[in-house]
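These notes are about the structure you will find just below.
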Amino acid sequence: MIPKDTVDKIIETSRIEEVVGDFVSLKRRGTSMIGLCPFHNEKTPSFHVSVGKGIFKCFGCGKGGDSVRFIMEHEKATYPEALRYLANKYSIEIAEVENTPEEQAVNDRRESLYIVSAWAAKFFQQQMLETDEGKSIGLSYFKERGFRDDIIKKFELGYSPDVWDALTQSAITEGYNIQFLEETGLTIRKENEKFYDRFRGRVMFPIHSFTGRVIGFGGRTLKTDKAVPKYVNSPESDIYHKSNVLYGLFFAKKSMRDEDNCYLVEGYADVLSVHQAGIENVVASSGTSLTIEQIRMIGRFTKNITILYDGDDAGIKASLRGLDMILEEGLNVKIVLFPDGDDPDSYVQKFGSAAFKSHIEGSKKDFILFKTSILLKDAGNDPIKRAGIIREVVESIAKIPDGIKASVFVRECSSLLQIEERVLISELNKIRLGKIKKDSNFNTPQVQSENVPEPNMPEPAGISDTDEAQEKEIVRLLLNYGHELVHWDDITDTYIAPYIISNLADVTFEHPQCIQIIEEYKKQLENGELPSEQDFIKNSDHQIADLAIAMVSSPYILSENWYARRKIYVRNEGENLRSTILGGIFHLKKRKVDRILRKIRDEIQAEQDADNQAILMRRYMQVKEVEKGISMFLGSVILK
């Protein structure tokens, strides 16, 4: 358990823009920072970070919270895991008792998998650096490949002994649970209940999560036997999902943001060599086809991808169609080819860092133009094949969401394909129209039986029978202005929070979280204290925290240059707090009064006794007078 004073120190030290900035590329807009939300797919930023309030809020998917909540949501971490991550980031020591093997077995399952994976990485590195077999085989291999000691240490490279169960037996001896060794794929159970190591006799490449924790491994054999697979990777587990991981991303993310570019290579050795050459913004898809999740992960840091291919024509053609996904996500793609027989790893090792960088700058081509030239070369003079190429190229252009960028490629491809621009535009429009029709048909709701009500259909605006919006507005006013002084109607030395609470003493709230927040205000005010927005933002009840974050956040920010450019002055609600506060109070009261009037009207219509009707009518007129007073302030017109 983490002591409370340590928890407080972690939360106070963590800066929301730094924590979120490790995962999302943020740009300043007014008093906030914005970026693409990491929790849902979007092309227009709706993810806001408020530095002053220490919170994030996405106005697209609704997620929000402080630094701890962000790590919990993004890394699917528990509260203690998120605190430990932040403590490590800010070098805050946590005085915790070291877990015993027994405690590890009952700890959170995911944390146990992380612990076992971290231990395995150390085991493989120790075997390589401290044993004769490791030095002569594993370390020699990496040295022969030209990798420096600092790179070997940084990427935690290692060696798995060529012994049936060396890792498994060492882990069991040290008290690690065999269940977690199996779940991470480090150990395999045979039918006769015996165990053996998955990666025996291989050099090891630990795979790190976005936050730097070891989540899996890639192992390369050094044997020449063709029956033995060259590479073996960890299987999927609760902490390792291959489609969501890019090898080297933890070490590349800062450079990707700084350089506004990501170099994408194929294998582990390519990443190591390119990184060693001083180009740190390099990642690999680890031999698998690029996935949409990996593309979106890159897109958080940069909109520019440069793919470094080896000279294998068959491999290039096979991957062309898959790269359309990158265009569809709005990213810019360039391609760099290396001479036949070379890949990024071998090229940089042969010719050095300077020649490598020079080759990239001199050889990179836009993906669309590269694809066009490759397909044309393959088609030769065959008119049927050329016609197919035209459609394939236009299909790629149709994936580009930016219309201006697409029109530029149409013009350039027109020249390359030797076909009129209007023909390409016509084909482009057909493809786009077909997609629109397909999407439209897909999204058309099915007609339901008239006897079966549609589930969860929202009520049309204006006829909701709840006061949720008005009650939330009161909470918003309390959180944003409760700590400021009343400065109207000759009132002095009174804060806005107690002013609101006292003026709503006759109002009953119905929304559960609004009730809790109002009650907390009443409780603290009775004790002579005034709650702050942070008391609710950091509330242990996530529903209260979510409501508080939503109420102190806004997706709309007026440009600092608005008045200078437009000469139109836009009043801030804080400039006339009397109108703002009383407006919120009276709008809520009017809703409550309107509902009381409706209830009395219904009772009058249902009542048969004349005397009771007269009593109800007098009550109705009394409430009507209250409504008139409220409406006069609000500027409403009473029709009857």
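Letters A, B, ... go to the chains of the structure tokens in the order shown; residues in each chain start at 1; ligands are counted from 1 in the same order.
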(request) Determine which residues of region 326-569 of chain A receive a DSSP assignment of strand (DSSP E or B), computed from the backbone, and state them as a ChimeraX atom specification. (result) /A:332-337,365-366,485,495
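The residue set within 12 Å of Ser170 (chain A), counting only C-alpha atoms and dropping same-chain residues fewer than 3 places from it, reads Val116, Trp119, Ala120, Lys122, Phe123, Phe124, Gln127, Pro161, Val163, Trp164, Asp165, Ala166, Leu167, Thr173, Glu174, Gly175, Tyr176, Asn177, Ile178, Leu181, Thr187, Tyr196 and Asp197 of chain A.
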Could you write out that same residue set with N, CA, C and O atoms as a short mmCIF file (atom, residue, chain, number, x, y, z; two decimals), in the first residue's frame?
data_model
loop_
_atom_site.label_atom_id
_atom_site.label_comp_id
_atom_site.auth_asym_id
_atom_site.auth_seq_id
_atom_site.Cartn_x
_atom_site.Cartn_y
_atom_site.Cartn_z
N VAL A 116 6.87 -10.78 -14.09
CA VAL A 116 7.54 -11.95 -14.67
C VAL A 116 8.30 -11.56 -15.93
O VAL A 116 9.45 -12.00 -16.15
N TRP A 119 11.41 -9.64 -15.02
CA TRP A 119 12.42 -10.56 -14.48
C TRP A 119 13.10 -11.33 -15.63
O TRP A 119 14.32 -11.52 -15.64
N ALA A 120 12.30 -11.80 -16.58
CA ALA A 120 12.85 -12.58 -17.71
C ALA A 120 13.84 -11.75 -18.52
O ALA A 120 14.88 -12.26 -18.95
N LYS A 122 15.74 -9.36 -17.46
CA LYS A 122 17.00 -9.31 -16.67
C LYS A 122 17.73 -10.64 -16.73
O LYS A 122 18.97 -10.69 -16.82
N PHE A 123 16.97 -11.74 -16.69
CA PHE A 123 17.57 -13.07 -16.77
C PHE A 123 18.32 -13.24 -18.09
O PHE A 123 19.48 -13.69 -18.11
N PHE A 124 17.67 -12.88 -19.21
CA PHE A 124 18.30 -13.03 -20.53
C PHE A 124 19.55 -12.14 -20.64
O PHE A 124 20.57 -12.56 -21.20
N GLN A 127 22.35 -13.67 -18.53
CA GLN A 127 22.89 -14.86 -19.18
C GLN A 127 23.87 -14.48 -20.30
O GLN A 127 24.87 -15.16 -20.51
N PRO A 161 19.71 -19.33 -22.87
CA PRO A 161 20.61 -20.49 -22.99
C PRO A 161 19.99 -21.62 -23.79
O PRO A 161 18.76 -21.80 -23.78
N VAL A 163 19.33 -24.54 -23.35
CA VAL A 163 19.03 -25.58 -22.36
C VAL A 163 17.51 -25.73 -22.33
O VAL A 163 16.78 -24.75 -22.47
N TRP A 164 17.05 -26.95 -22.11
CA TRP A 164 15.62 -27.24 -22.23
C TRP A 164 14.74 -26.34 -21.37
O TRP A 164 13.72 -25.85 -21.83
N ASP A 165 15.13 -26.10 -20.12
CA ASP A 165 14.25 -25.34 -19.22
C ASP A 165 15.03 -24.43 -18.26
O ASP A 165 14.66 -24.30 -17.09
N ALA A 166 16.07 -23.78 -18.77
CA ALA A 166 16.93 -22.95 -17.90
C ALA A 166 16.13 -21.81 -17.26
O ALA A 166 16.19 -21.59 -16.05
N LEU A 167 15.39 -21.08 -18.07
CA LEU A 167 14.62 -19.95 -17.53
C LEU A 167 13.53 -20.45 -16.58
O LEU A 167 13.34 -19.89 -15.49
N THR A 173 12.74 -21.49 -8.98
CA THR A 173 13.66 -21.42 -7.84
C THR A 173 13.54 -20.09 -7.12
O THR A 173 13.61 -20.03 -5.88
N GLU A 174 13.34 -19.02 -7.88
CA GLU A 174 13.24 -17.68 -7.28
C GLU A 174 11.82 -17.36 -6.81
O GLU A 174 11.56 -16.25 -6.34
N GLY A 175 10.91 -18.32 -6.95
CA GLY A 175 9.58 -18.15 -6.38
C GLY A 175 8.52 -17.62 -7.32
O GLY A 175 7.43 -17.26 -6.88
N TYR A 176 8.81 -17.58 -8.62
CA TYR A 176 7.80 -17.08 -9.57
C TYR A 176 6.81 -18.17 -9.91
O TYR A 176 7.17 -19.34 -10.05
N ASN A 177 5.56 -17.76 -10.06
CA ASN A 177 4.46 -18.69 -10.29
C ASN A 177 4.49 -19.21 -11.72
O ASN A 177 4.52 -18.44 -12.67
N ILE A 178 4.44 -20.52 -11.88
CA ILE A 178 4.50 -21.14 -13.20
C ILE A 178 3.32 -20.69 -14.07
O ILE A 178 3.43 -20.60 -15.30
N LEU A 181 4.32 -17.63 -15.90
CA LEU A 181 5.33 -17.97 -16.92
C LEU A 181 4.64 -18.52 -18.17
O LEU A 181 5.04 -18.23 -19.29
N THR A 187 7.18 -19.94 -20.85
CA THR A 187 7.25 -21.37 -20.58
C THR A 187 6.10 -22.07 -21.29
O THR A 187 4.98 -21.56 -21.34
N TYR A 196 9.06 -26.56 -20.71
CA TYR A 196 10.30 -26.19 -21.40
C TYR A 196 10.23 -24.73 -21.83
O TYR A 196 9.15 -24.13 -21.94
N ASP A 197 11.40 -24.13 -22.08
CA ASP A 197 11.48 -22.71 -22.42
C ASP A 197 11.14 -22.49 -23.90
O ASP A 197 11.65 -23.22 -24.77
#
Counting only C-alpha atoms, the residue among A:Ile404, A:Ile137, A:Leu416, A:Ala118 that lies closest to Ala171 (chain A) is A:Ala118
If you run DSSP on the backbone here, which positions in region 208-278 of chain A get alpha helix (DSSP H)? Please write them as a PyMOL selection string.
chain A and resi 249-259+268-276
